[in-house]
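Notes for the one structure printed next.
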Amino acid sequence: MYDRIDAALRSERMRPAALLDAWNIRVLATTNGATDELAAHAALRRGPLRGRVVPTFRPDDVTDISNPAWRDNIAKLRELTGEAVTSYESYLRALRARRRAFIDMGATASDHGAATPLTKVLPDARLKEIFGAALAGKASAADALDFGAHMLVEHARMSASDGLVMQLHAGVARNHDAALFARYGPDKGADVPLAVDWTGGLQPLLSELGNNANLTLVLFTLDESTYARELAPLAGHYSALRLGPPWWFHDSLHGMRRYLDSVVETAGVANLAGFNDDTRAFLSIPARHAVWRRAVADWVATQHAAGVLDWPDARAVAYDLAYGLAKKTYKL
Amino acid sequence: MYDRIDAALRSERMRPAALLDAWNIRVLATTNGATDELAAHAALRRGPLRGRVVPTFRPDDVTDISNPAWRDNIAKLRELTGEAVTSYESYLRALRARRRAFIDMGATASDHGAATPLTKVLPDARLKEIFGAALAGKASAADALDFGAHMLVEHARMSASDGLVMQLHAGVARNHDAALFARYGPDKGADVPLAVDWTGGLQPLLSELGNNANLTLVLFTLDESTYARELAPLAGHYSALRLGPPWWFHDSLHGMRRYLDSVVETAGVANLAGFNDDTRAFLSIPARHAVWRRAVADWVATQHAAGVLDWPDARAVAYDLAYGLAKKTYKL
Amino acid sequence: MYDRIDAALRSERMRPAALLDAWNIRVLATTNGATDELAAHAALRRGPLRGRVVPTFRPDDVTDISNPAWRDNIAKLRELTGEAVTSYESYLRALRARRRAFIDMGATASDHGAATPLTKVLPDARLKEIFGAALAGKASAADALDFGAHMLVEHARMSASDGLVMQLHAGVARNHDAALFARYGPDKGADVPLAVDWTGGLQPLLSELGNNANLTLVLFTLDESTYARELAPLAGHYSALRLGPPWWFHDSLHGMRRYLDSVVETAGVANLAGFNDDTRAFLSIPARHAVWRRAVADWVATQHAAGVLDWPDARAVAYDLAYGLAKKTYKL
């Protein structure tokens, strides 16, 4: 097996660019921290993959002040932007500069992770206080929660200004296995979903920006009980919202059925973001999209057989779910 | 289009009473605040629609002390009842008088809205304190929550006495969009469901009145995760309970399937309230009932095909779900 | 009817041992409090049912310090074990002795009930404080909550040592109907499920013991929204976990479908515990297993028809769900 895999990996047809062609992948977006210099993307832009492989702005490394590496990341942010980042205002200028650098490298979207979808609009004095504490390495857990909640609103404001599509992945307890974490550190797979409150959590953000015509905000949940209860009604009211496809544990045949059955009747098809595979495994991409397309075909066929969708609508919905919605949502 | 619609609206066959006949509507119940004088209903009772169009007692206008208009509504309540309403006792007498006036106009039910299904039995001293604060315009948010929770119990007591069927619609965050609210005021559509706790919330009410033979309490939820987890087990134990049909966002084909699949195995058919359309659009009534009847037919046929219901039972269940249960639940 | 039932009950073929044979029941496990002397099981072990009817260790009677009978139960525990039980250490020794006595009578499992799946690892000083308060009859509600949460971890430690399979049934509000409770006391059927937090609740226990090769922990929920959101991801990470079958209100045809559709894609079949009927009615056992087997057959056939399971896999999965998994999980 090793020899066969090794030989395959050395063949020309298995080179990344050849696979992009073989699989007919139009665009592949990577996820990159705000302090990523994007050197690989700069190199890609000088070759034939220009515009086909693009970065995504994921600023958790500089917005999560509870991260032990936060101050180091801020130092990196200073280097990259030339901003002093000694005040909240300067910090925002640095973030805007990094967003601009990502856009220059082809990015069309940002991505934000959060344990809960809590958002807040903090008064300036509180922001100044928290930011000072964070720079001094003295921010509390409550400070970190408040700051993260505020920064989601701040990034939504920046998205409404610079046009990056904002993605929010919320509702997972990271590093659940304390023994594993003590031994091997973060991101080793022990992540477990939580019940979340989208309705209450997003209210401050949506009250300010939910109907802003320049904002697209894509929501991803691991709490399926919020599909019909919260997400579909929210997407039905706020024009900036799009519902992301079934994510992670729910990126499966039954997960897709539950998603479509739960959200479409209230949110409609046009408020869905289409499918993205959110994978860390390049080789898994074709299979993941194939599962989605088959699940969509099965669902659309069922709706047609039941008389809910006529044939032209069924064709249009299948096309949109498989291709059109993702292209439109992500401005590709 | 305008001309066609205008002409149709002027035709005799589109007059409300003609449509009631054309659609074979036996009873239509409106929703009316406690301070509604019911003049239109008084007029209706002098004509051929007597008993066919009836009011429903919705006292939120006089029980929600956080409503800025509460004191004005209390003034109206004084006028209508002749009660001084300077004490909680007098307030209760006024409420009983209004319930009686609604019953005299043909009402068979009351309806109550609440953000959560929280109920409480407050001691007299606390009630006196809150009521005094409310009359003085000084009630706190905590007072309003306590008072609303207590008034649900009080109305259940009154229902057990005067026989009005009590309906509780709970679990929605009203006026979610603060920008919309600031510009246009309440009830503009930005209402988003919340996760709710029926098990804990209703315990005080049900412990006192849940098995009272004179009480019928119909529960409506927007949190489908409570169907099988809380509502069906509650309805299985407390004889006063009936489960309302899929409501609002869940009044849809898949919403109805999830409802029937989730509640019937535990609660049985006889603990369901049957269907009411809860619509604000008169012209939508036939379509809404048709969707319910078809969803019921589909579900009953599936049960029959699977051998769960024999033919006589399937027929009886279909009849009850489409017609019999609603008639019985609402004492029509 | 009475005469027919009476005659049947007197017949040889209706004697318990005859029914065990007629129904082909290999093992029947009773549930017994920690202070149960197991006299009946001792008698059974001297006859032909030795090893076929076994006890299950259910220590809630001596771990729930809010139980008014707790001190009486501790007195009984002293008698049975010869331990003084005047300190937490001696209490643990007594528990270990009772577990050993159960194992000697054939037990392979313990069972634990809890309103929530909260677990905690308390420091020794706090344990000493709570245990002293409990012995003095002065433990608070907060003490009882802490102690119960800690004892789940302690029992998991003991299971990892002595090999008893640990079962946790969590998420029900007992004695919900206060009027019924006041008149007839506990365990009269007014039990209503609650939303629960498995992800947060189990974290302390699982971080210490979730990957312990000697522990098997079987989880039972009444909150179906946790199947896909929490339980399947937890079982996918922690090797000690097994997901118990649909329990109580969800031990039904649709309940079983929702369970299989929600957990298998993430947790796999091998992380399920198989079926146990959890019944209090001996005569209901064959029907309950028949419903499970038919639900499994229906689900497996659907997976096979959809091309998800090939024929050999479908056969193997059906066998495991109906028989193999339960045998393996419970070490039978």
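Quick note on naming: the chains in the structure tokens go A, B, ... in the order shown, residues restart at 1 in each chain, and ligands are numbered from 1 in order of appearance.
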Query - Proximal residues of chain A relative to chain B (only C-alpha atoms; 6 Å) as a ChimeraX atom specification - result: /A:207,229-230
Taking the DSSP secondary structure from the backbone, can you list the residues of segment 65-260 of chain C that are alpha helix (DSSP H), as a ChimeraX atom specification?
/C:70-81,88-104,124-135,141-162,178-184,198-201,203-209,225-226,232-237,253-260
Original post:
Between atom CA of Gly106 of chain B and atom CA of Leu205 of chain B, what is the spacing in Å?
Top reply: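 Atom CA of Leu205 of chain B sits 26.5 Å away from atom CA of Gly106 of chain B.
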message = Please list as number ranges by chain every residue within 6 Å of Pro117 of chain A, counting only C-alpha atoms and excluding residues in the same chain fewer than 5 positions away.
response = A: 170, 198, 201
Fewer than 6 positions away in the same chain doesn't count, so skip those; otherwise give me all residues within 10 Å of segment 39-50 of chain A, counting only C-alpha atoms, as a short mmCIF file (atom, residue, chain, number, x, y, z; two decimals) with N, CA and C atoms, in the first residue's frame.
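Below is the file that was written, selection-v2.cif:
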```cif
data_model
loop_
_atom_site.label_atom_id
_atom_site.label_comp_id
_atom_site.auth_asym_id
_atom_site.auth_seq_id
_atom_site.Cartn_x
_atom_site.Cartn_y
_atom_site.Cartn_z
N ALA A 17 -2.11 21.01 -8.75
CA ALA A 17 -2.74 21.75 -9.85
C ALA A 17 -3.43 20.80 -10.83
N LEU A 20 -6.72 19.85 -9.25
CA LEU A 20 -7.70 20.94 -9.39
C LEU A 20 -8.38 20.85 -10.76
N ARG A 26 -13.14 25.16 -9.52
CA ARG A 26 -12.98 26.52 -10.01
C ARG A 26 -12.22 27.40 -9.02
N VAL A 27 -12.58 27.28 -7.75
CA VAL A 27 -11.93 28.09 -6.72
C VAL A 27 -11.72 27.27 -5.47
N LEU A 28 -10.53 27.40 -4.90
CA LEU A 28 -10.24 26.79 -3.62
C LEU A 28 -9.78 27.90 -2.69
N THR A 30 -8.26 28.92 0.98
CA THR A 30 -7.59 28.46 2.20
C THR A 30 -8.03 29.35 3.36
N PHE A 102 -5.42 40.96 2.31
CA PHE A 102 -6.06 39.70 1.90
C PHE A 102 -6.87 39.91 0.62
N ASP A 104 -6.32 42.02 -1.63
CA ASP A 104 -5.36 42.15 -2.73
C ASP A 104 -4.85 40.79 -3.20
N MET A 105 -4.86 39.81 -2.32
CA MET A 105 -4.43 38.47 -2.69
C MET A 105 -5.60 37.61 -3.20
N GLY A 106 -6.77 38.22 -3.39
CA GLY A 106 -7.89 37.50 -3.98
C GLY A 106 -8.97 37.06 -3.01
#
```
- Where does DSSP see strand (DSSP E) in segment 99-221 of chain B, if you list the residues as a PyMOL selection string? chain B and resi 109-114+165-170+172-173+192-193+217-221
Export of prior selection with all heavy atoms as a short mmCIF file (atom, residue, chain, number, x, y, z; two decimals), in the first residue's frame:
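Below is the file out.cif, written as the result:
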```
data_model
loop_
_atom_site.label_atom_id
_atom_site.label_comp_id
_atom_site.auth_asym_id
_atom_site.auth_seq_id
_atom_site.Cartn_x
_atom_site.Cartn_y
_atom_site.Cartn_z
N ALA B 109 -62.84 30.85 24.32
CA ALA B 109 -61.42 30.68 24.63
C ALA B 109 -60.75 31.99 24.98
O ALA B 109 -61.21 33.07 24.59
CB ALA B 109 -60.69 30.05 23.44
N SER B 110 -59.65 31.88 25.73
CA SER B 110 -58.76 33.01 25.95
C SER B 110 -57.43 32.68 25.29
O SER B 110 -57.16 31.53 24.94
CB SER B 110 -58.56 33.26 27.45
OG SER B 110 -57.78 32.23 28.04
N ASP B 111 -56.60 33.68 25.11
CA ASP B 111 -55.29 33.47 24.49
C ASP B 111 -54.27 34.34 25.21
O ASP B 111 -54.56 35.48 25.56
CB ASP B 111 -55.36 33.84 23.00
CG ASP B 111 -54.10 33.44 22.25
OD1 ASP B 111 -53.33 32.62 22.78
OD2 ASP B 111 -53.89 33.95 21.15
N HIS B 112 -53.10 33.77 25.42
CA HIS B 112 -52.07 34.46 26.21
C HIS B 112 -50.73 34.31 25.53
O HIS B 112 -50.33 33.21 25.15
CB HIS B 112 -52.02 33.86 27.62
CG HIS B 112 -53.35 33.84 28.29
ND1 HIS B 112 -53.75 34.79 29.20
CD2 HIS B 112 -54.41 33.01 28.14
CE1 HIS B 112 -55.00 34.55 29.58
NE2 HIS B 112 -55.43 33.45 28.96
N GLY B 113 -50.03 35.43 25.35
CA GLY B 113 -48.70 35.41 24.76
C GLY B 113 -47.66 35.63 25.85
O GLY B 113 -47.89 36.38 26.80
N ALA B 114 -46.52 34.95 25.70
CA ALA B 114 -45.46 35.12 26.69
C ALA B 114 -44.13 34.78 26.04
O ALA B 114 -44.06 33.88 25.20
CB ALA B 114 -45.69 34.21 27.90
N VAL B 165 -61.56 28.13 27.40
CA VAL B 165 -60.38 27.33 27.06
C VAL B 165 -59.17 28.26 27.01
O VAL B 165 -59.22 29.29 26.32
CB VAL B 165 -60.58 26.64 25.69
CG1 VAL B 165 -59.31 25.93 25.25
CG2 VAL B 165 -61.75 25.67 25.78
N MET B 166 -58.12 27.91 27.74
CA MET B 166 -56.95 28.80 27.82
C MET B 166 -55.90 28.38 26.81
O MET B 166 -55.50 27.21 26.77
CB MET B 166 -56.38 28.72 29.24
CG MET B 166 -55.20 29.64 29.48
SD MET B 166 -54.73 29.61 31.24
CE MET B 166 -53.27 30.69 31.18
N GLN B 167 -55.45 29.31 26.00
CA GLN B 167 -54.38 29.03 25.03
C GLN B 167 -53.13 29.80 25.43
O GLN B 167 -53.20 30.99 25.77
CB GLN B 167 -54.79 29.49 23.62
CG GLN B 167 -56.02 28.80 23.08
CD GLN B 167 -56.46 29.42 21.75
OE1 GLN B 167 -56.17 28.90 20.69
NE2 GLN B 167 -57.13 30.54 21.83
N LEU B 168 -51.97 29.14 25.34
CA LEU B 168 -50.70 29.81 25.66
C LEU B 168 -49.75 29.69 24.48
O LEU B 168 -49.37 28.59 24.08
CB LEU B 168 -50.09 29.18 26.92
CG LEU B 168 -48.72 29.71 27.36
CD1 LEU B 168 -48.73 31.23 27.57
CD2 LEU B 168 -48.29 29.01 28.65
N HIS B 169 -49.41 30.83 23.91
CA HIS B 169 -48.43 30.91 22.83
C HIS B 169 -47.14 31.48 23.42
O HIS B 169 -47.09 32.65 23.76
CB HIS B 169 -48.92 31.83 21.71
CG HIS B 169 -50.05 31.30 20.90
ND1 HIS B 169 -51.37 31.41 21.28
CD2 HIS B 169 -50.07 30.62 19.71
CE1 HIS B 169 -52.15 30.83 20.36
NE2 HIS B 169 -51.38 30.35 19.40
N ALA B 170 -46.10 30.64 23.51
CA ALA B 170 -44.88 31.10 24.19
C ALA B 170 -43.64 30.83 23.37
O ALA B 170 -43.61 29.94 22.51
CB ALA B 170 -44.75 30.42 25.55
N VAL B 172 -41.17 33.40 21.89
CA VAL B 172 -40.70 34.21 20.76
C VAL B 172 -40.16 35.54 21.28
O VAL B 172 -40.73 36.14 22.18
CB VAL B 172 -41.83 34.41 19.73
CG1 VAL B 172 -42.97 35.21 20.31
CG2 VAL B 172 -41.31 35.07 18.47
N ALA B 173 -39.00 35.94 20.74
CA ALA B 173 -38.42 37.24 21.06
C ALA B 173 -39.06 38.26 20.13
O ALA B 173 -38.77 38.25 18.93
CB ALA B 173 -36.91 37.21 20.89
N VAL B 192 -38.48 36.37 16.54
CA VAL B 192 -37.63 35.20 16.35
C VAL B 192 -37.78 34.25 17.55
O VAL B 192 -37.69 34.69 18.69
CB VAL B 192 -36.15 35.60 16.18
CG1 VAL B 192 -35.33 34.40 15.77
CG2 VAL B 192 -36.01 36.71 15.16
N PRO B 193 -38.02 32.98 17.28
CA PRO B 193 -38.21 32.02 18.36
C PRO B 193 -36.96 31.82 19.22
O PRO B 193 -35.83 32.07 18.78
CB PRO B 193 -38.57 30.73 17.63
CG PRO B 193 -39.11 31.16 16.32
CD PRO B 193 -38.32 32.39 15.96
N LEU B 217 -56.10 23.59 28.76
CA LEU B 217 -54.98 24.50 28.49
C LEU B 217 -54.26 24.01 27.23
O LEU B 217 -53.72 22.91 27.21
CB LEU B 217 -54.02 24.52 29.70
CG LEU B 217 -52.71 25.29 29.54
CD1 LEU B 217 -52.95 26.75 29.17
CD2 LEU B 217 -51.89 25.20 30.83
N VAL B 218 -54.28 24.83 26.19
CA VAL B 218 -53.69 24.46 24.90
C VAL B 218 -52.34 25.16 24.75
O VAL B 218 -52.26 26.39 24.84
CB VAL B 218 -54.63 24.85 23.73
CG1 VAL B 218 -54.06 24.33 22.41
CG2 VAL B 218 -56.03 24.33 23.96
N LEU B 219 -51.29 24.36 24.52
CA LEU B 219 -49.93 24.90 24.45
C LEU B 219 -49.44 24.97 23.00
O LEU B 219 -49.58 24.01 22.25
CB LEU B 219 -48.97 24.02 25.25
CG LEU B 219 -49.35 23.78 26.71
CD1 LEU B 219 -48.34 22.85 27.37
CD2 LEU B 219 -49.46 25.09 27.47
N PHE B 220 -48.86 26.09 22.64
CA PHE B 220 -48.27 26.30 21.31
C PHE B 220 -46.79 26.63 21.48
O PHE B 220 -46.45 27.52 22.24
CB PHE B 220 -48.95 27.47 20.59
CG PHE B 220 -50.39 27.24 20.26
CD1 PHE B 220 -51.38 27.44 21.21
CD2 PHE B 220 -50.78 26.82 18.99
CE1 PHE B 220 -52.72 27.23 20.91
CE2 PHE B 220 -52.11 26.60 18.68
CZ PHE B 220 -53.09 26.81 19.64
N THR B 221 -45.94 25.95 20.71
CA THR B 221 -44.51 26.17 20.84
C THR B 221 -43.88 26.50 19.50
O THR B 221 -44.37 26.10 18.45
CB THR B 221 -43.81 24.91 21.42
OG1 THR B 221 -42.50 25.27 21.86
CG2 THR B 221 -43.68 23.81 20.37
#
```
| query | Between atom CA of Ala139 of chain A and atom CA of Gly185 of chain A, what is the distance, to one decimal in Å? | reply |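 One can read the atom CA of Ala139 of chain A to atom CA of Gly185 of chain A distance as 21.8 Å.
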**Asked** Skipping near chain neighbours, those fewer than 5 positions away, what residues fall within 10 Å of Leu135 of chain B using only C-alpha atoms, listed as a ChimeraX atom specification?
**Response** /B:65,70-71,74,85-87,130
Those residues you just picked out, can you put them in a file as a tab-separated table (two decimals), in the first residue's frame with N, CA and C atoms?
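Final output, out_38.tsv:
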```tsv
chain	number	residue	atom	x	y	z
B	65	ILE	N	-47.36	44.45	32.59
B	65	ILE	CA	-47.17	45.78	33.22
B	65	ILE	C	-45.94	46.49	32.67
B	70	TRP	N	-49.86	50.32	29.61
B	70	TRP	CA	-50.60	49.54	30.61
B	70	TRP	C	-51.55	50.40	31.44
B	71	ARG	N	-51.04	51.54	31.92
B	71	ARG	CA	-51.90	52.36	32.78
B	71	ARG	C	-53.10	52.93	32.01
B	74	ILE	N	-55.52	50.14	31.86
B	74	ILE	CA	-56.22	49.97	33.14
B	74	ILE	C	-57.33	51.01	33.28
B	85	VAL	N	-60.22	49.24	40.35
B	85	VAL	CA	-58.90	48.71	39.94
B	85	VAL	C	-57.77	49.46	40.65
B	86	THR	N	-57.98	49.72	41.92
B	86	THR	CA	-56.91	50.35	42.72
B	86	THR	C	-56.20	49.29	43.56
B	87	SER	N	-56.71	48.08	43.56
B	87	SER	CA	-56.07	46.98	44.29
B	87	SER	C	-56.04	45.75	43.39
B	130	ILE	N	-46.18	44.59	43.81
B	130	ILE	CA	-46.01	44.78	42.37
B	130	ILE	C	-47.14	45.61	41.80
```
Counting only C-alpha atoms, which residues of segment 268-299 of chain A fall within 12 Å of segment 297-314 of chain C, and what is the closest atom pair for each with its distance in Å at one decimal, ordered by chain and rising number, as JSON lines?
```
{"residue": "A:Val291", "atom": "CA", "partner": "C:Val308", "partner_atom": "CA", "distance": 11.6}
{"residue": "A:Arg294", "atom": "CA", "partner": "C:Ala306", "partner_atom": "CA", "distance": 11.4}
{"residue": "A:Ala295", "atom": "CA", "partner": "C:Ala306", "partner_atom": "CA", "distance": 11.4}
{"residue": "A:Asp298", "atom": "CA", "partner": "C:Ala306", "partner_atom": "CA", "distance": 10.6}
```
Would you save the residues from that selection as a tab-separated table (two decimals), in the first residue's frame, using all heavy atoms?
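This went into part.tsv:
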```tsv
chain	number	residue	atom	x	y	z
A	291	VAL	N	-21.46	13.93	-2.34
A	291	VAL	CA	-22.50	13.60	-1.36
A	291	VAL	C	-23.55	14.71	-1.32
A	291	VAL	O	-24.75	14.45	-1.32
A	291	VAL	CB	-21.89	13.35	0.03
A	291	VAL	CG1	-22.98	13.26	1.09
A	291	VAL	CG2	-21.04	12.08	0.04
A	294	ARG	N	-25.71	14.63	-4.45
A	294	ARG	CA	-26.68	13.52	-4.43
A	294	ARG	C	-27.78	13.76	-3.41
A	294	ARG	O	-28.95	13.45	-3.64
A	294	ARG	CB	-25.95	12.21	-4.12
A	294	ARG	CG	-25.09	11.78	-5.30
A	294	ARG	CD	-24.32	10.54	-4.99
A	294	ARG	NE	-23.32	10.29	-6.04
A	294	ARG	CZ	-22.80	9.11	-6.27
A	294	ARG	NH1	-23.14	8.06	-5.55
A	294	ARG	NH2	-21.92	8.95	-7.23
A	295	ALA	N	-27.41	14.29	-2.25
A	295	ALA	CA	-28.43	14.59	-1.25
A	295	ALA	C	-29.41	15.63	-1.78
A	295	ALA	O	-30.62	15.54	-1.58
A	295	ALA	CB	-27.78	15.09	0.04
A	298	ASP	N	-31.65	14.01	-4.37
A	298	ASP	CA	-32.66	13.19	-3.69
A	298	ASP	C	-33.76	14.07	-3.10
A	298	ASP	O	-34.95	13.78	-3.26
A	298	ASP	CB	-31.96	12.39	-2.58
A	298	ASP	CG	-32.92	11.50	-1.82
A	298	ASP	OD1	-33.62	10.71	-2.46
A	298	ASP	OD2	-32.93	11.59	-0.57
```
Correct to one decimal, the distance atom CA of Lys128 of chain B-atom CA of Phe147 of chain B is 10.5 Å
